[in-house]
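As stored in final-v5.cif (mmCIF, C-alpha atoms and all ligand atoms):
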```cif
data_my_file
#
loop_
_atom_site.group_PDB
_atom_site.id
_atom_site.type_symbol
_atom_site.label_atom_id
_atom_site.label_comp_id
_atom_site.auth_asym_id
_atom_site.auth_seq_id
_atom_site.Cartn_x
_atom_site.Cartn_y
_atom_site.Cartn_z
ATOM 1 C CA MET A 1039 0.000 0.000 0.000
ATOM 2 C CA GLU A 1040 1.366 3.418 -0.886
ATOM 3 C CA ILE A 1041 0.368 6.225 1.474
ATOM 4 C CA VAL A 1042 0.681 9.815 0.210
ATOM 5 C CA ILE A 1043 0.055 12.513 2.825
ATOM 6 C CA CYS A 1044 -0.755 15.910 1.336
ATOM 7 C CA SER A 1045 -0.943 19.375 2.856
ATOM 8 C CA SER A 1046 -4.116 20.571 1.093
ATOM 9 C CA THR A 1047 -7.290 19.335 -0.556
ATOM 10 C CA GLN A 1048 -5.972 20.596 -3.860
ATOM 11 C CA GLN A 1049 -2.796 18.566 -3.521
ATOM 12 C CA VAL A 1050 -4.855 15.491 -2.610
ATOM 13 C CA GLY A 1051 -6.858 15.998 -5.796
ATOM 14 C CA ASP A 1052 -3.748 16.575 -7.921
ATOM 15 C CA VAL A 1053 -1.888 13.511 -6.676
ATOM 16 C CA ALA A 1054 -4.962 11.271 -6.956
ATOM 17 C CA ALA A 1055 -5.840 12.586 -10.429
ATOM 18 C CA ALA A 1056 -2.254 12.138 -11.590
ATOM 19 C CA ARG A 1057 -2.266 8.510 -10.462
ATOM 20 C CA VAL A 1058 -5.674 7.820 -12.079
ATOM 21 C CA ALA A 1059 -4.553 9.554 -15.296
ATOM 22 C CA GLN A 1060 -1.331 7.534 -15.333
ATOM 23 C CA VAL A 1061 -3.287 4.243 -15.171
ATOM 24 C CA CYS A 1062 -5.824 5.425 -17.784
ATOM 25 C CA ARG A 1063 -3.106 6.407 -20.256
ATOM 26 C CA ALA A 1064 -1.397 3.039 -19.797
ATOM 27 C CA ALA A 1065 -4.722 1.226 -20.260
ATOM 28 C CA GLY A 1066 -5.411 3.013 -23.560
ATOM 29 C CA PRO A 1067 -8.471 4.775 -24.996
ATOM 30 C CA ASN A 1068 -10.936 2.165 -23.715
ATOM 31 C CA ALA A 1069 -9.833 2.536 -20.096
ATOM 32 C CA VAL A 1070 -12.364 1.480 -17.480
ATOM 33 C CA LEU A 1071 -12.730 3.753 -14.460
ATOM 34 C CA GLY A 1072 -14.359 2.786 -11.180
ATOM 35 C CA VAL A 1073 -15.988 5.870 -9.690
ATOM 36 C CA ALA A 1074 -17.290 6.792 -6.262
ATOM 37 C CA THR A 1075 -19.791 9.299 -4.933
ATOM 38 C CA GLY A 1076 -19.202 11.428 -1.832
ATOM 39 C CA SER A 1077 -17.185 14.558 -1.224
ATOM 40 C CA SER A 1078 -13.770 12.855 -0.920
ATOM 41 C CA PRO A 1079 -13.133 12.218 -4.641
ATOM 42 C CA LEU A 1080 -14.407 15.599 -5.880
ATOM 43 C CA SER A 1081 -10.941 17.205 -5.956
ATOM 44 C CA CYS A 1082 -9.690 14.211 -7.946
ATOM 45 C CA TYR A 1083 -12.514 14.656 -10.481
ATOM 46 C CA THR A 1084 -11.567 18.338 -10.737
ATOM 47 C CA GLY A 1085 -7.973 17.323 -11.463
ATOM 48 C CA LEU A 1086 -9.091 14.803 -14.085
ATOM 49 C CA ALA A 1087 -11.428 17.358 -15.714
ATOM 50 C CA GLU A 1088 -8.506 19.822 -15.978
ATOM 51 C CA ARG A 1089 -6.395 17.178 -17.706
ATOM 52 C CA VAL A 1090 -9.234 16.394 -20.124
ATOM 53 C CA ARG A 1091 -9.681 20.114 -20.898
ATOM 54 C CA SER A 1092 -5.970 20.646 -21.477
ATOM 55 C CA GLY A 1093 -5.813 17.632 -23.779
ATOM 56 C CA SER A 1094 -3.334 15.633 -21.692
ATOM 57 C CA LEU A 1095 -5.983 12.959 -20.993
ATOM 58 C CA ASP A 1096 -8.612 11.618 -23.389
ATOM 59 C CA LEU A 1097 -11.537 9.849 -21.746
ATOM 60 C CA SER A 1098 -13.951 10.121 -24.676
ATOM 61 C CA ARG A 1099 -13.950 6.340 -25.170
ATOM 62 C CA ALA A 1100 -13.475 5.403 -21.523
ATOM 63 C CA SER A 1101 -16.151 3.579 -19.509
ATOM 64 C CA ALA A 1102 -17.049 4.060 -15.878
ATOM 65 C CA PHE A 1103 -18.714 1.903 -13.247
ATOM 66 C CA ALA A 1104 -20.066 3.401 -10.028
ATOM 67 C CA LEU A 1105 -19.651 1.543 -6.776
ATOM 68 C CA ASP A 1106 -23.173 1.670 -5.462
ATOM 69 C CA GLU A 1107 -26.754 2.940 -5.622
ATOM 70 C CA TYR A 1108 -29.523 3.492 -3.100
ATOM 71 C CA VAL A 1109 -32.593 1.261 -3.136
ATOM 72 C CA GLY A 1110 -35.936 2.935 -2.507
ATOM 73 C CA LEU A 1111 -35.527 6.255 -4.303
ATOM 74 C CA PRO A 1112 -37.516 6.971 -7.453
ATOM 75 C CA ARG A 1113 -35.526 6.756 -10.685
ATOM 76 C CA GLY A 1114 -34.165 10.228 -11.495
ATOM 77 C CA HIS A 1115 -34.108 11.376 -7.812
ATOM 78 C CA GLU A 1116 -31.400 14.027 -7.594
ATOM 79 C CA GLU A 1117 -29.630 12.208 -4.745
ATOM 80 C CA SER A 1118 -29.709 8.832 -6.507
ATOM 81 C CA TYR A 1119 -26.138 7.894 -7.295
ATOM 82 C CA ALA A 1120 -26.973 7.637 -11.007
ATOM 83 C CA GLU A 1121 -27.706 11.386 -10.882
ATOM 84 C CA VAL A 1122 -24.806 12.240 -8.566
ATOM 85 C CA ILE A 1123 -22.374 10.443 -10.888
ATOM 86 C CA ARG A 1124 -23.877 12.216 -13.910
ATOM 87 C CA ARG A 1125 -23.344 15.626 -12.249
ATOM 88 C CA THR A 1126 -19.938 15.037 -10.650
ATOM 89 C CA VAL A 1127 -18.248 12.631 -13.069
ATOM 90 C CA THR A 1128 -19.897 12.070 -16.450
ATOM 91 C CA GLU A 1129 -20.405 15.714 -17.365
ATOM 92 C CA PRO A 1130 -17.178 17.273 -15.962
ATOM 93 C CA LEU A 1131 -14.988 14.505 -17.408
ATOM 94 C CA GLY A 1132 -16.781 14.485 -20.753
ATOM 95 C CA LEU A 1133 -17.553 10.768 -20.546
ATOM 96 C CA ASP A 1134 -19.990 9.186 -22.966
ATOM 97 C CA PRO A 1135 -23.165 8.698 -20.829
ATOM 98 C CA ALA A 1136 -23.843 5.412 -22.636
ATOM 99 C CA ARG A 1137 -20.592 4.063 -21.160
ATOM 100 C CA VAL A 1138 -21.274 5.141 -17.566
ATOM 101 C CA HIS A 1139 -22.956 2.530 -15.409
ATOM 102 C CA THR A 1140 -24.505 2.409 -11.944
ATOM 103 C CA PRO A 1141 -26.092 -0.627 -10.302
ATOM 104 C CA ASP A 1142 -29.834 -0.565 -11.026
ATOM 105 C CA GLY A 1143 -31.263 0.089 -7.580
ATOM 106 C CA PHE A 1144 -34.661 0.807 -9.143
ATOM 107 C CA ALA A 1145 -35.091 -2.642 -10.682
ATOM 108 C CA ASP A 1146 -37.989 -4.919 -9.682
ATOM 109 C CA ASP A 1147 -35.574 -7.836 -9.455
ATOM 110 C CA LEU A 1148 -32.641 -6.525 -7.440
ATOM 111 C CA GLU A 1149 -30.743 -9.804 -7.349
ATOM 112 C CA ALA A 1150 -30.839 -9.997 -11.136
ATOM 113 C CA ALA A 1151 -29.661 -6.368 -11.272
ATOM 114 C CA CYS A 1152 -26.631 -7.272 -9.099
ATOM 115 C CA ALA A 1153 -25.717 -10.256 -11.270
ATOM 116 C CA ASP A 1154 -26.167 -8.109 -14.369
ATOM 117 C CA TYR A 1155 -23.827 -5.455 -12.950
ATOM 118 C CA GLU A 1156 -21.088 -8.012 -12.348
ATOM 119 C CA ARG A 1157 -21.562 -9.220 -15.935
ATOM 120 C CA ARG A 1158 -21.330 -5.673 -17.292
ATOM 121 C CA ILE A 1159 -18.067 -5.007 -15.435
ATOM 122 C CA ALA A 1160 -16.609 -8.278 -16.683
ATOM 123 C CA GLY A 1161 -17.890 -7.534 -20.209
ATOM 124 C CA ALA A 1162 -15.980 -4.239 -20.213
ATOM 125 C CA GLY A 1163 -12.803 -6.141 -19.362
ATOM 126 C CA GLY A 1164 -12.765 -5.263 -15.653
ATOM 127 C CA VAL A 1165 -11.941 -1.993 -13.916
ATOM 128 C CA ASP A 1166 -8.499 -0.510 -14.615
ATOM 129 C CA VAL A 1167 -8.507 1.969 -11.738
ATOM 130 C CA GLN A 1168 -11.025 2.213 -8.929
ATOM 131 C CA ILE A 1169 -11.444 5.577 -7.180
ATOM 132 C CA LEU A 1170 -12.628 5.176 -3.584
ATOM 133 C CA GLY A 1171 -13.621 7.262 -0.596
ATOM 134 C CA VAL A 1172 -14.023 5.735 2.838
ATOM 135 C CA GLY A 1173 -16.857 5.980 5.324
ATOM 136 C CA ALA A 1174 -16.191 7.064 8.897
ATOM 137 C CA ASN A 1175 -16.831 3.433 9.899
ATOM 138 C CA GLY A 1176 -14.290 2.114 7.395
ATOM 139 C CA HIS A 1177 -16.759 1.145 4.670
ATOM 140 C CA ILE A 1178 -15.792 1.310 1.004
ATOM 141 C CA GLY A 1179 -18.625 1.461 -1.491
ATOM 142 C CA PHE A 1180 -21.464 0.629 0.851
ATOM 143 C CA ASN A 1181 -19.745 -2.438 2.284
ATOM 144 C CA GLU A 1182 -20.601 -1.909 5.919
ATOM 145 C CA PRO A 1183 -18.684 -3.519 8.807
ATOM 146 C CA SER A 1184 -19.188 -7.322 8.816
ATOM 147 C CA SER A 1185 -19.268 -7.441 4.982
ATOM 148 C CA SER A 1186 -17.663 -10.561 3.540
ATOM 149 C CA LEU A 1187 -14.155 -9.741 2.380
ATOM 150 C CA SER A 1188 -14.878 -11.657 -0.834
ATOM 151 C CA SER A 1189 -18.402 -10.324 -1.446
ATOM 152 C CA ARG A 1190 -19.732 -9.464 -4.902
ATOM 153 C CA THR A 1191 -22.359 -6.885 -5.936
ATOM 154 C CA ARG A 1192 -25.385 -7.398 -3.694
ATOM 155 C CA ILE A 1193 -28.093 -5.795 -1.578
ATOM 156 C CA LYS A 1194 -26.909 -4.319 1.734
ATOM 157 C CA THR A 1195 -28.573 -2.620 4.676
ATOM 158 C CA LEU A 1196 -27.035 0.723 5.652
ATOM 159 C CA THR A 1197 -25.875 1.226 9.228
ATOM 160 C CA ASP A 1198 -27.374 4.016 11.333
ATOM 161 C CA ARG A 1199 -23.970 5.737 11.219
ATOM 162 C CA THR A 1200 -23.938 5.804 7.425
ATOM 163 C CA ARG A 1201 -27.541 7.004 7.249
ATOM 164 C CA GLU A 1202 -26.685 9.801 9.710
ATOM 165 C CA ASP A 1203 -23.593 10.723 7.667
ATOM 166 C CA ASN A 1204 -25.646 10.892 4.468
ATOM 167 C CA ARG A 1205 -28.556 12.732 6.052
ATOM 168 C CA ARG A 1206 -27.082 16.024 4.842
ATOM 169 C CA PHE A 1207 -28.229 15.189 1.322
ATOM 170 C CA PHE A 1208 -31.874 14.693 2.332
ATOM 171 C CA ALA A 1209 -34.551 16.778 4.083
ATOM 172 C CA GLU A 1210 -34.676 14.428 7.062
ATOM 173 C CA LEU A 1211 -33.226 11.180 8.336
ATOM 174 C CA ASP A 1212 -36.357 9.240 7.422
ATOM 175 C CA ASP A 1213 -35.750 10.151 3.774
ATOM 176 C CA VAL A 1214 -32.337 8.437 3.718
ATOM 177 C CA PRO A 1215 -32.803 4.984 2.195
ATOM 178 C CA ARG A 1216 -32.116 1.945 4.376
ATOM 179 C CA HIS A 1217 -30.937 -0.297 1.565
ATOM 180 C CA CYS A 1218 -28.540 -0.133 -1.332
ATOM 181 C CA LEU A 1219 -26.830 -2.172 -4.016
ATOM 182 C CA THR A 1220 -23.063 -2.107 -3.751
ATOM 183 C CA GLN A 1221 -20.122 -3.691 -5.479
ATOM 184 C CA GLY A 1222 -18.694 -6.227 -3.062
ATOM 185 C CA LEU A 1223 -15.246 -6.129 -1.531
ATOM 186 C CA GLY A 1224 -14.264 -8.961 -3.889
ATOM 187 C CA THR A 1225 -15.531 -6.906 -6.835
ATOM 188 C CA ILE A 1226 -13.515 -3.873 -5.729
ATOM 189 C CA MET A 1227 -10.411 -6.016 -5.171
ATOM 190 C CA ASP A 1228 -10.608 -7.175 -8.810
ATOM 191 C CA ALA A 1229 -9.809 -3.642 -10.009
ATOM 192 C CA ARG A 1230 -6.271 -3.579 -11.391
ATOM 193 C CA ALA A 1231 -5.382 -0.452 -9.376
ATOM 194 C CA VAL A 1232 -7.102 1.361 -6.536
ATOM 195 C CA VAL A 1233 -6.843 4.998 -5.419
ATOM 196 C CA LEU A 1234 -8.485 5.763 -2.070
ATOM 197 C CA ILE A 1235 -8.967 9.402 -1.070
ATOM 198 C CA ALA A 1236 -9.771 10.798 2.384
ATOM 199 C CA GLN A 1237 -9.737 14.253 3.896
ATOM 200 C CA GLY A 1238 -10.459 15.660 7.323
ATOM 201 C CA GLY A 1239 -10.199 14.560 10.934
ATOM 202 C CA GLY A 1240 -13.500 12.699 10.733
ATOM 203 C CA LYS A 1241 -11.717 10.055 8.642
ATOM 204 C CA ALA A 1242 -8.572 9.774 10.814
ATOM 205 C CA ARG A 1243 -9.715 6.706 12.759
ATOM 206 C CA ALA A 1244 -10.997 4.928 9.644
ATOM 207 C CA ILE A 1245 -7.673 5.606 7.874
ATOM 208 C CA ARG A 1246 -5.650 4.322 10.806
ATOM 209 C CA ASN A 1247 -7.698 1.128 10.941
ATOM 210 C CA LEU A 1248 -7.644 0.692 7.164
ATOM 211 C CA VAL A 1249 -3.891 1.264 6.730
ATOM 212 C CA GLU A 1250 -2.342 0.036 9.963
ATOM 213 C CA GLY A 1251 -4.995 -2.082 11.647
ATOM 214 C CA PRO A 1252 -5.678 -5.776 11.236
ATOM 215 C CA ILE A 1253 -7.446 -6.970 8.091
ATOM 216 C CA THR A 1254 -10.948 -7.432 9.352
ATOM 217 C CA ALA A 1255 -14.526 -7.277 8.119
ATOM 218 C CA MET A 1256 -15.094 -4.774 10.945
ATOM 219 C CA CYS A 1257 -13.061 -2.283 8.887
ATOM 220 C CA PRO A 1258 -14.031 -3.327 5.354
ATOM 221 C CA GLY A 1259 -11.481 -1.019 3.700
ATOM 222 C CA SER A 1260 -8.670 -2.929 5.439
ATOM 223 C CA VAL A 1261 -9.048 -5.613 2.741
ATOM 224 C CA LEU A 1262 -7.096 -3.204 0.504
ATOM 225 C CA GLN A 1263 -3.950 -4.273 2.393
ATOM 226 C CA PHE A 1264 -4.170 -7.362 0.151
ATOM 227 C CA HIS A 1265 -4.249 -5.265 -3.042
ATOM 228 C CA ARG A 1266 -1.007 -5.098 -5.008
ATOM 229 C CA TYR A 1267 -1.613 -1.594 -6.376
ATOM 230 C CA ALA A 1268 -3.466 0.404 -3.736
ATOM 231 C CA THR A 1269 -2.628 4.089 -3.317
ATOM 232 C CA VAL A 1270 -4.059 5.994 -0.346
ATOM 233 C CA VAL A 1271 -4.047 9.780 -0.816
ATOM 234 C CA ILE A 1272 -4.984 11.747 2.310
ATOM 235 C CA ASP A 1273 -4.558 15.140 3.909
ATOM 236 C CA ASP A 1274 -2.755 15.868 7.185
ATOM 237 C CA ALA A 1275 -5.984 15.731 9.196
ATOM 238 C CA ALA A 1276 -6.956 12.294 7.885
ATOM 239 C CA ALA A 1277 -3.374 11.129 8.588
ATOM 240 C CA ALA A 1278 -3.447 12.371 12.198
ATOM 241 C CA GLU A 1279 -3.794 8.924 13.802
ATOM 242 C CA LEU A 1280 -1.282 7.057 11.654
ATOM 243 C CA GLN A 1281 1.619 5.687 13.708
ATOM 244 C CA HIS A 1282 3.999 5.664 10.758
ATOM 245 C CA ALA A 1283 3.037 8.984 9.182
ATOM 246 C CA ASP A 1284 6.659 10.218 9.229
ATOM 247 C CA TYR A 1285 7.776 7.130 7.351
ATOM 248 C CA TYR A 1286 5.085 7.589 4.666
ATOM 249 C CA ARG A 1287 6.018 11.268 4.270
ATOM 250 C CA GLU A 1288 9.693 10.462 3.944
ATOM 251 C CA THR A 1289 9.045 7.625 1.508
ATOM 252 C CA TYR A 1290 7.008 9.834 -0.830
ATOM 253 C CA ALA A 1291 9.388 12.786 -0.507
ATOM 254 C CA HIS A 1292 12.307 10.618 -1.651
ATOM 255 C CA LYS A 1293 10.494 8.729 -4.344
ATOM 256 C CA PRO A 1294 12.358 9.010 -7.648
ATOM 257 C CA SER A 1295 10.707 11.496 -9.994
ATOM 258 C CA TRP A 1296 9.851 8.799 -12.550
ATOM 259 C CA GLN A 1297 7.798 6.984 -9.888
ATOM 260 C CA ARG A 1298 5.825 9.987 -8.685
ATOM 261 C CA PHE A 1299 2.251 10.818 -9.636
ATOM 262 C CA GLU A 1300 2.658 14.476 -10.426
ATOM 263 C CA ASN A 1301 1.922 14.784 -14.088
HETATM 264 C C1 LIG B 1 -20.947 6.988 0.893
HETATM 265 C C2 LIG B 1 -20.482 6.262 -0.368
HETATM 266 C C3 LIG B 1 -19.028 5.890 -0.284
HETATM 267 C C4 LIG B 1 -18.210 7.075 0.173
HETATM 268 C C5 LIG B 1 -18.668 7.507 1.537
HETATM 269 C C6 LIG B 1 -17.864 8.652 2.108
HETATM 270 O O1 LIG B 1 -21.281 6.150 1.910
HETATM 271 N N1 LIG B 1 -21.247 5.082 -0.636
HETATM 272 O O2 LIG B 1 -18.584 5.412 -1.553
HETATM 273 O O3 LIG B 1 -16.848 6.752 0.181
HETATM 274 O O4 LIG B 1 -20.022 7.915 1.418
HETATM 275 O O5 LIG B 1 -18.377 9.866 1.652
HETATM 276 P P1 LIG B 1 -17.631 11.263 1.769
HETATM 277 O O6 LIG B 1 -16.511 11.182 0.792
HETATM 278 O O7 LIG B 1 -18.641 12.280 1.382
HETATM 279 O O8 LIG B 1 -17.167 11.381 3.153
#
```
As structure tokens - that is how I would like this structure written.
Ligand code: GLP
Amino acid sequence: MEIVICSSTQQVGDVAAARVAQVCRAAGPNAVLGVATGSSPLSCYTGLAERVRSGSLDLSRASAFALDEYVGLPRGHEESYAEVIRRTVTEPLGLDPARVHTPDGFADDLEAACADYERRIAGAGGVDVQILGVGANGHIGFNEPSSSLSSRTRIKTLTDRTREDNRRFFAELDDVPRHCLTQGLGTIMDARAVVLIAQGGGKARAIRNLVEGPITAMCPGSVLQFHRYATVVIDDAAAAELQHADYYRETYAHKPSWQRFEN
């Protein structure tokens, strides 16, 4: 796992976008992005959009797969992840909407929708680079604590903590859905590279557990310790509880220029 500790949100976005762009360029014009909702990856999307605008990155033929979707909202609801991804990813990055996918949380047959999503990801050749945030309880996607470390896309029940955290997007807590479809931890682990982004002190405990704690379903993101190409890009506040923060800073500071993600 590579840990990059940054001094500002903008630097977090730049480093994460540079890493994602590096993988996309290597993958070629049909690169497959894994995309996440939430505030954490927004600076990365800004960085990617700048690269697309300047012509240093072409995503016009790229595909994207979102991690998750609520169950229980009407199709087209502005807080449905299909809409959030359209606003924050598809439009700013100039992706072809026909190549951007979210799990169909509006389907009558949700189990079939999950199986179909796995088939669509496989049909696209798998995800080249998965962008991730992390929940305050260590979830990635909507894989709540106790999720199977080898799970695939499926229906999950949101914890009270997650519903409280996401309440800010809805008029009241009762409006926050209780269920969702989410890529499983096994699905996420199949991505060829992973870039996890976190900012702020509210994520410090989750980051400590994810990076330095034991691999456990009680911190679902800790499964990334098994990933060969996982990059964790965080700000100083999110790094505050890391025991080896000095080591990570020194490692990145002395990384040879050809290995850095600063293009
Ligand atoms: C939601 C999403 C996650 C995201 C998390 C953190 O629960 N399903 O994919 O990582 O929120 O969100 P934020 O980045 O806004 O803190």
What box, with edges along x, y and z, holds each listed atom of ligand LIG 1 (chain B) when 4 Å is added on every side, and can you state its centre and edge lengths in Å to one decimal, as AutoDock Vina command-line options?
```
--center_x -18.9 --center_y 8.7 --center_z 0.8 --size_x 12.8 --size_y 15.2 --size_z 12.7
```
- Note on the structure: From the list A:Ile1159, A:Val1172, A:Leu1071, A:Leu1196, the nearest residue to A:His1217 using only C-alpha atoms is A:Leu1196
- Message: Between atom CA of A:Thr1254 and atom CA of A:Asp1154, what distance in Å does the model show, to one decimal?
- Response: 28.2 Å
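Across A:Arg1230, A:His1282, A:Arg1216, A:Arg1137, the tightest approach to A:Lys1194 is made by A:Arg1216 when counting all atoms listed in the file.
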Contacts of chain A with ligand LIG 1 (chain B) up to 7 Å, shortest pair per row, only C-alpha atoms and all ligand atoms, as CSV:
```
residue,atom,partner,partner_atom,distance
A:Ala1074,CA,B:LIG1,O2,5.1
A:Thr1075,CA,B:LIG1,O2,5.3
A:Gly1076,CA,B:LIG1,O7,3.4
A:Ser1077,CA,B:LIG1,O7,3.8
A:Ser1078,CA,B:LIG1,O6,3.6
A:Pro1079,CA,B:LIG1,O6,6.5
A:Leu1105,CA,B:LIG1,O2,6.6
A:Asp1106,CA,B:LIG1,N1,6.2
A:Leu1170,CA,B:LIG1,O3,5.9
A:Gly1171,CA,B:LIG1,O3,3.4
A:Val1172,CA,B:LIG1,O3,4.0
A:Gly1173,CA,B:LIG1,C6,4.3
A:Ile1178,CA,B:LIG1,O2,5.6
A:Gly1179,CA,B:LIG1,O2,4.0
A:Phe1180,CA,B:LIG1,N1,4.7
A:Thr1200,CA,B:LIG1,O1,6.1
A:Asn1204,CA,B:LIG1,O1,6.9
A:Ala1236,CA,B:LIG1,O6,6.9
```
- Name the residues that the PyMOL selection byres (((chain A and resi 1095) around 12) and not hetatm) pulls out of this structure, and write them as a count of residues only. 32
